[in-house]
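**Student:** My structure is below; once you've seen it, I'll send some questions.
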Amino acid sequence: MIPKLSFLPFKKFTNKSEVFRPSRREFLKIGSLATGGFMLGVNFQCSGPKGETLTFAPNAYLSINGDNLVTIIAHRSEMGTGIRTSLPMIVADELGADWKSVKIEQAVGDEATYGDQNTDGSYSIRMFFEPMRRAGATARHMLMEAAGKKWDVDPSGCDTRNGQVIHAASGQQVDFSDLLDLLQDMEIPDQETLKLRKLSDYKLIGKDVPIYDVKDIVHGKALFGADMDLPGQQIAVIQRSPVVGAKVINYAEDKALEVPGVKQVIKISGNGAHPGLNKPLEGIAVIADNTWAAIKGRAALQVEWDLGENKDYQCAAQMEDMIRETLGDGKLRREKGDVKTALGSAGKVLEKTYQAPYYAHATIEPPAALAHYKEDGTVEIWAPTQHPQWARDSVAEALELDAANVRVNVTLLGGGFGRKSKPDYVVEAALLSRAIKKPVRVQWTREDDIHHDFYHSHSAQRIKAGLDAQGNLIAWNHHTVFPAIGGTSSADELHPSDGEMGLGCTDFPYDVANIRIESHEAKAHTRIGWLRSVSNIHHAFAISSMLDEIAEVRGMDPVEHILSLLGEDRQLSFNEEMEGEYPNYGEDITAYPWDTARMKRVIERVSAEANWSKSIQDGKAMGFAAHKSFLTYVACIVEVSRDENGKITIPEVHYAVDCGIAVNTDRIRSQFEGGAQFASSLAMSSAINFENGQVKQNNFDSYQIIRMPQAPKQIYTHIIESQEKPTGVGEPPVPPYIPALCNALYKLNGKRIYELPVKEAFV
């Protein structure tokens, strides 16, 4: 099955009702305490000798108990982004809670209660900013009304602050908890007339708020997927097919069982050469008392494979084929004007080809999942999943259960980047637990993760640009080719979807009279998935590198060049020029238009903050790029430096970001700092290679992420103050960084970069 997501590039969304966007009215239907609507829930809990304690729970996200403790449910997955902190911040700020007296609890996977829980695509804040405000405001208005009754005053003269209701005129104040008895028979306020706080009145939103779990994380108390244990559980590691679509012929079960601690060997059947995004690969699972025994047992299996149709796949050969494909006409995806005529009459034509490799997610915590199949036919899961609902539904499908019989508990994630939204490892654990009638934790090793990922596809792009006699850019012809995510599920999916094309390619925003964008066929020979920023990565690399080269040919400063190409301030939709539909990350283009004025503002801001005028110095250089992704506008300047030994470092990185309302500025900066490090690895050292259908890399020795000496030394994130709708910040840091770095290296060394990773002497 395919998850219901608004931005996923492998699905063509035509039915907008599939996208969970709670309106003000729809928000009333979300609460688990609702029966026939969004009704007040007052729970009675015995508290020993003190008698009964009331708990005020007006919706699914919020409750207040008799100790004045505010409990807020975090329904998205925490993987370092801080979303487990930022969404509850919104509730607490609108409520007027004392943040020091807020407890955050993680929700189980339950779409009927909480709405979409998939923490992917940088849309958690975008989707739930308004619902979270309304969750807090609903409780605030009810508390103010209760206080008005208590004091016999007009509730509109009351406010909430630090866990109390306050009546400024009389100076009276009361803890939330002291009003619980008055709230029992109160009705939910009319949501159409519910008044939200002004942005200027917030005490938390727009400020630096450390992540809620930070102390537990740094003290080693936080629980991640691999930390979960149950009494009597077994550990499983799996020998998976070395080539996607391979089938087991034979294996030495007796040899594995000779290893002390190994209890059982179980086969998991695969799903062919196009296994889909939620099903396990074929493999042999070794069940043991501990991880070490399971690993040693797996090593003894001596599996013989029928490698199947992908056994001869060579990614280098496919790259050559893809480059050749771009030399001809492709499938038209967007057209404006007449590119071929414009190129034919151009005074100068630039034509460049750009290559990027396969990438692995390489999360610091490899996948792990604990499943307990119970005697009553239900199954409970503990997993570091970005998408608990998809995990639940995939387990139900694999075990032929009703989804109501599957419960998914979400642990902290040691990194996600899109990998842990795919539930294959969760399904593995559930299948094995059912087979042995005991709890089973499936543990992937680093090598498993590198060998069996859902990879970011390699790509080839050819761009032809035409300049007239005066040097004006009059034609832009972009050819892009890469195995599509849809090819993971279907051999017929040979072109990228409208969604993938809309990630930085067909949404080319520059004021050029003639534009033609084309895609070409490429077959998926491995599992392709979405990785942080998806095809924005390779599209931004090619486009921003080419624009920098065009600026040089035109004799223009790169920053001034982009500002001029953006043209007059205007809002773009692209649909009138598209062959398909511009998906706009699942949002209505009229609500979230491509706004050139906002892009100009981030460009001007980053130029000023980085002191762009000093961009070329002895032994130092700066590179610039700007890119909009996931509805967020980002401009980036990277400084590189070369020492007397020729070693290159990155002293400074400057970002300017317009993400609309900035909820937690600490987390925004952290995401951009992490994004710069992540993008540095993609640009400088990371690459997956396939030979004979198999991944050649094994661990971080061969699939290299940057080390401390290679990392940018200072990363500055300049946040544009805005009252526009909030967008996302997890993925937008990555796309502009890579071309900004490449453009800086060109200015330092005089050599343009057309292929990633960069082969430079970084220390």
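Here, A, B, ... name the chains of the structure tokens in the order displayed, residue numbers run from 1 inside each chain, and ligands are numbered from 1 in the same displayed order.
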Taking the backbone alone, and naming residues the way the document does, which bits of segment 451-659 of chain A are strand (DSSP E or B) by DSSP, as a PyMOL selection string?
**Tutor:** chain A and resi 455-456+459-467+473-481+514-519+528+571-572+578+594-595+616-617+620-629+632-642+648-658
**Student:** Excluding Gly466 of chain A and its own-chain neighbours fewer than 4 positions away, which residues fall within 7 Å of it when counting only C-alpha atoms? Please give them as a PyMOL selection string.
**Tutor:** chain A and resi 343+346+348-350+473-476
**Student:** Near Ile268 of chain A, within 10 Å and counting only C-alpha atoms, which residues show up once chain neighbours fewer than 6 positions away are dropped, as a PyMOL selection string?
**Tutor:** chain A and resi 238-240+248+280-285+428+431-432
**Student:** Which residue, A:Ile515, A:Ile485, A:Ala656, A:Leu741, has the smallest gap to Asp548 of chain A when you use only C-alpha atoms?
**Tutor:**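 Using only C-alpha atoms, the shortest distance to Asp548 of chain A belongs to A:Leu741.
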**Student:** Using only C-alpha atoms for the distances, tell me which of A:Phe690, A:Tyr373, A:Phe574, A:Tyr359 is nearest to Lys438 of chain A.
**Tutor:** A:Tyr373
